[in-house]
>>> print(open('input_0.txt').read())   # compact mmCIF, C-alpha atoms
# COMPACT_ATOMS: atom_id res chain seq x y z
CA SER Y 520 0.00 0.00 0.00
CA ASP Y 521 3.08 2.24 0.01
CA VAL Y 522 2.73 4.63 -2.93
CA LYS Y 523 6.25 5.93 -2.34
CA PHE Y 524 7.62 2.40 -2.78
CA TRP Y 525 5.83 2.00 -6.12
CA ARG Y 526 6.99 5.41 -7.34
CA GLU Y 527 10.59 4.49 -6.58
CA PHE Y 528 10.06 1.14 -8.30
CA LYS Y 529 8.72 2.91 -11.41
CA GLU Y 530 11.80 5.14 -11.53
CA GLN Y 531 13.83 1.96 -12.08
CA ILE Y 532 11.33 -0.06 -14.14
CA SER Y 533 9.45 2.02 -16.69
CA GLU Y 534 7.51 -0.76 -18.45
CA VAL Y 535 6.48 -4.37 -17.79
CA ASP Y 536 4.72 -6.95 -19.95
CA ILE Y 537 2.87 -8.67 -17.14
CA VAL Y 538 2.06 -8.01 -13.50
CA ILE Y 539 0.97 -10.84 -11.25
CA ASP Y 540 -0.18 -9.40 -7.95
CA ASP Y 541 0.33 -12.22 -5.46
CA GLY Y 542 1.24 -9.86 -2.67
CA SER Y 543 -0.89 -8.76 0.20
CA HIS Y 544 -4.43 -10.02 -0.03
CA LYS Y 545 -5.76 -6.86 1.56
CA GLN Y 546 -8.08 -5.00 -0.75
CA LYS Y 547 -6.54 -1.59 -0.05
CA HIS Y 548 -3.13 -2.95 -1.07
CA GLN Y 549 -4.53 -4.56 -4.24
CA ILE Y 550 -6.16 -1.28 -5.30
CA THR Y 551 -2.99 0.72 -4.64
CA THR Y 552 -0.87 -1.78 -6.55
CA PHE Y 553 -3.24 -1.70 -9.53
CA LYS Y 554 -3.39 2.10 -9.60
CA GLU Y 555 0.39 2.39 -9.46
CA LEU Y 556 1.41 -0.46 -11.78
CA PHE Y 557 -1.25 -0.64 -14.47
CA PRO Y 558 0.00 2.55 -16.16
CA ILE Y 559 3.40 0.92 -16.78
CA VAL Y 560 1.97 -2.29 -18.26
CA ALA Y 561 3.12 -2.33 -21.90
CA PRO Y 562 0.71 -2.37 -24.84
CA GLY Y 563 -0.49 -5.94 -25.26
CA GLY Y 564 0.41 -6.61 -21.62
CA VAL Y 565 -1.57 -8.19 -18.82
CA TYR Y 566 -2.31 -7.27 -15.21
CA LEU Y 567 -3.44 -10.18 -13.02
CA CYS Y 568 -4.48 -10.02 -9.39
CA GLU Y 569 -5.15 -13.24 -7.51
CA ASP Y 570 -6.77 -13.97 -4.17
CA VAL Y 571 -9.70 -11.69 -4.89
CA HIS Y 572 -12.20 -13.18 -2.47
CA GLY Y 573 -15.04 -12.20 -0.22
CA TYR Y 574 -18.42 -11.03 -1.45
CA PRO Y 575 -20.07 -8.54 -1.29
CA GLU Y 576 -17.53 -6.66 0.77
CA ASN Y 577 -14.46 -7.20 -1.43
CA GLY Y 578 -13.28 -3.67 -2.14
CA PHE Y 579 -10.91 -4.68 -4.95
CA ALA Y 580 -13.53 -6.69 -6.84
CA ASN Y 581 -15.99 -3.82 -6.43
CA TYR Y 582 -13.35 -1.31 -7.59
CA MET Y 583 -12.54 -3.38 -10.69
CA GLY Y 584 -16.25 -3.90 -11.38
CA ASP Y 585 -16.74 -0.14 -11.32
CA ILE Y 586 -13.76 0.36 -13.64
CA SER Y 587 -15.11 -2.27 -16.06
CA HIS Y 588 -18.13 -0.05 -16.76
CA ASN Y 589 -15.73 2.32 -18.56
CA LEU Y 590 -15.54 -0.26 -21.37
CA ASN Y 591 -19.18 0.59 -22.18
CA GLU Y 592 -18.89 4.37 -21.95
CA HIS Y 593 -20.37 6.24 -24.90
CA SER Y 594 -18.50 9.14 -26.45
CA GLY Y 595 -20.21 9.64 -29.80
CA TYR Y 596 -20.14 8.41 -33.38
CA THR Y 597 -18.73 9.46 -36.74
CA ARG Y 598 -19.83 8.42 -40.26
CA ASP Y 599 -17.75 8.34 -43.39
CA SER Y 600 -18.79 8.72 -47.04
CA LYS Y 601 -19.73 5.01 -47.24
CA ASP Y 602 -22.02 5.45 -44.24
CA THR Y 603 -19.71 3.39 -42.05
CA LEU Y 604 -20.48 4.11 -38.42
CA THR Y 605 -17.51 4.41 -36.06
CA LYS Y 606 -17.95 4.71 -32.30
CA VAL Y 607 -15.29 7.07 -30.99
CA CYS Y 608 -13.24 5.48 -28.19
CA THR Y 609 -12.64 7.05 -24.83
CA PRO Y 610 -9.01 7.06 -23.63
CA PHE Y 611 -9.86 4.09 -21.40
CA GLN Y 612 -11.36 2.08 -24.29
CA SER Y 613 -8.38 2.97 -26.43
CA GLU Y 614 -6.00 1.41 -23.89
CA VAL Y 615 -7.94 -1.44 -22.23
CA LYS Y 616 -8.90 -4.51 -24.25
CA SER Y 617 -10.75 -6.42 -21.56
CA ILE Y 618 -11.36 -6.95 -17.87
CA SER Y 619 -12.12 -10.55 -16.96
CA PHE Y 620 -13.34 -11.94 -13.65
CA TYR Y 621 -12.57 -15.54 -12.72
CA PRO Y 622 -12.95 -17.31 -9.39
CA TYR Y 623 -10.61 -15.34 -7.11
CA VAL Y 624 -8.76 -13.71 -10.02
CA VAL Y 625 -9.13 -10.47 -12.04
CA VAL Y 626 -7.27 -10.08 -15.36
CA VAL Y 627 -6.94 -6.79 -17.24
CA LYS Y 628 -5.53 -6.89 -20.78
CA LYS Y 629 -4.22 -3.88 -22.68
CA ASN Y 630 -4.72 -3.39 -26.40
CA ASP Y 631 -1.66 -4.08 -28.58
CA ARG Y 632 -1.89 -0.50 -29.82
CA PRO Y 633 -4.27 2.39 -29.14
CA VAL Y 634 -7.74 1.90 -30.61
CA GLU Y 635 -9.38 4.97 -32.13
CA GLY Y 636 -12.85 3.62 -32.69
CA PHE Y 637 -15.14 0.64 -33.02
CA VAL Y 638 -16.26 0.27 -36.63
CA ALA Y 639 -19.70 -0.92 -37.71
CA PRO Y 640 -19.73 -1.06 -41.53
CA LYS Y 641 -23.04 -0.67 -43.30
CA MET Y 642 -24.32 -4.02 -44.52
CA GLY Y 643 -26.71 -4.37 -47.46
CA THR Y 644 -27.89 -1.64 -49.76
CA LYS Y 645 -31.15 -0.40 -48.30
CA TRP Y 646 -32.64 -0.16 -44.86
CA GLN Y 647 -35.65 -2.41 -44.52
CA PRO Y 648 -37.78 -1.37 -41.57
CA PHE Y 649 -39.32 -4.12 -39.49
CA ARG Y 650 -43.06 -4.45 -39.96
CA PRO Y 651 -44.95 -6.77 -37.62
>>> encode(input="input_0.txt", output="structure tokens")
Amino acid sequence: SDVKFWREFKEQISEVDIVIDDGSHKQKHQITTFKELFPIVAPGGVYLCEDVHGYPENGFANYMGDISHNLNEHSGYTRDSKDTLTKVCTPFQSEVKSISFYPYVVVVKKNDRPVEGFVAPKMGTKWQPFRP
């Protein structure tokens, strides 16, 4: 839970491919470690925290659940000349590929490279409205 320790660590290690948090199983420590180390996980990298247990009072699981909602945040659309719809990514969506929950484990994967948008190409030639 010592932020100073992690800041000194990051002065020596600027990027990592994977973090496996098998340290303290206290939720406060898990949250601090995630906040301090996830920013230095390399593109395409993985952050894994184990021993995430206790429901409903597990603060780390709740924290990660709250963060996972950022994957569904809406920031607008653009359309090109072919009527292709692109959902504009938030900075979080651009960086984070997925957050997965397993029994006692949370895994956060980063995108290999920043994502600018989610593309939904137009299919077909004409909109056919549904008529019951």
>>> closest_residue(input="input_0.txt", among="Y:Ser617, Y:Ser600, Y:Ser543, Y:Gln549", to="His588 (chain Y)", atoms="only C-alpha atoms")
Y:Ser617
>>> closest_residue(input="input_0.txt", among="Y:Phe637, Y:Tyr621, Y:Cys568, Y:His544", to="Gly595 (chain Y)", atoms="all atoms listed in the file")
Y:Phe637
>>> residues_around(input="input_0.txt", residues="His593 (chain Y)", least_positions_apart="4", cutoff="8 Å", atoms="only C-alpha atoms", output="number ranges by chain")
Y: 606-609
>>> write_last_selection(input="input_0.txt", atoms="C-alpha atoms", output="short mmCIF file (atom, residue, chain, number, x, y, z; two decimals), in the coordinates of the input")
data_model
loop_
_atom_site.label_atom_id
_atom_site.label_comp_id
_atom_site.auth_asym_id
_atom_site.auth_seq_id
_atom_site.Cartn_x
_atom_site.Cartn_y
_atom_site.Cartn_z
CA LYS Y 606 -17.95 4.71 -32.30
CA VAL Y 607 -15.29 7.07 -30.99
CA CYS Y 608 -13.24 5.48 -28.19
CA THR Y 609 -12.64 7.05 -24.83
#
>>> residues_around(input="input_0.txt", residues="region 622-630 of chain Y", least_positions_apart="3", cutoff="7 Å", atoms="all atoms listed in the file", output="VMD selection string")
chain Y and resid 562 to 572 614 to 619 633
>>> residues_around(input="input_0.txt", residues="Trp525 (chain Y)", least_positions_apart="4", cutoff="8 Å", atoms="all atoms listed in the file", output="PyMOL selection string")
chain Y and resi 521+529+552+555-556
>>> residues_around(input="input_0.txt", residues="Ala639 (chain Y)", least_positions_apart="6", cutoff="10 Å", atoms="all atoms listed in the file", output="list in words")
Arg598, Asp602, Thr603, Leu604, Thr605 and Lys606 of chain Y
>>> atom_distance(input="input_0.txt", atom1="CA of Val634 (chain Y)", atom2="CA of Gln612 (chain Y)")
7.3 Å
>>> atom_distance(input="input_0.txt", atom1="CA of Phe620 (chain Y)", atom2="CA of Val638 (chain Y)")
26.2 Å
>>> atom_distance(input="input_0.txt", atom1="CA of Ile537 (chain Y)", atom2="CA of Pro610 (chain Y)")
20.8 Å
>>> closest_residue(input="input_0.txt", among="Y:Ile532, Y:Ala561, Y:Ala580, Y:Ile539", to="Arg632 (chain Y)", atoms="all atoms listed in the file")
Y:Ala561
>>> closest_residue(input="input_0.txt", among="Y:Tyr574, Y:Phe557, Y:Phe611, Y:Phe579", to="Glu592 (chain Y)", atoms="only C-alpha atoms")
Y:Phe611
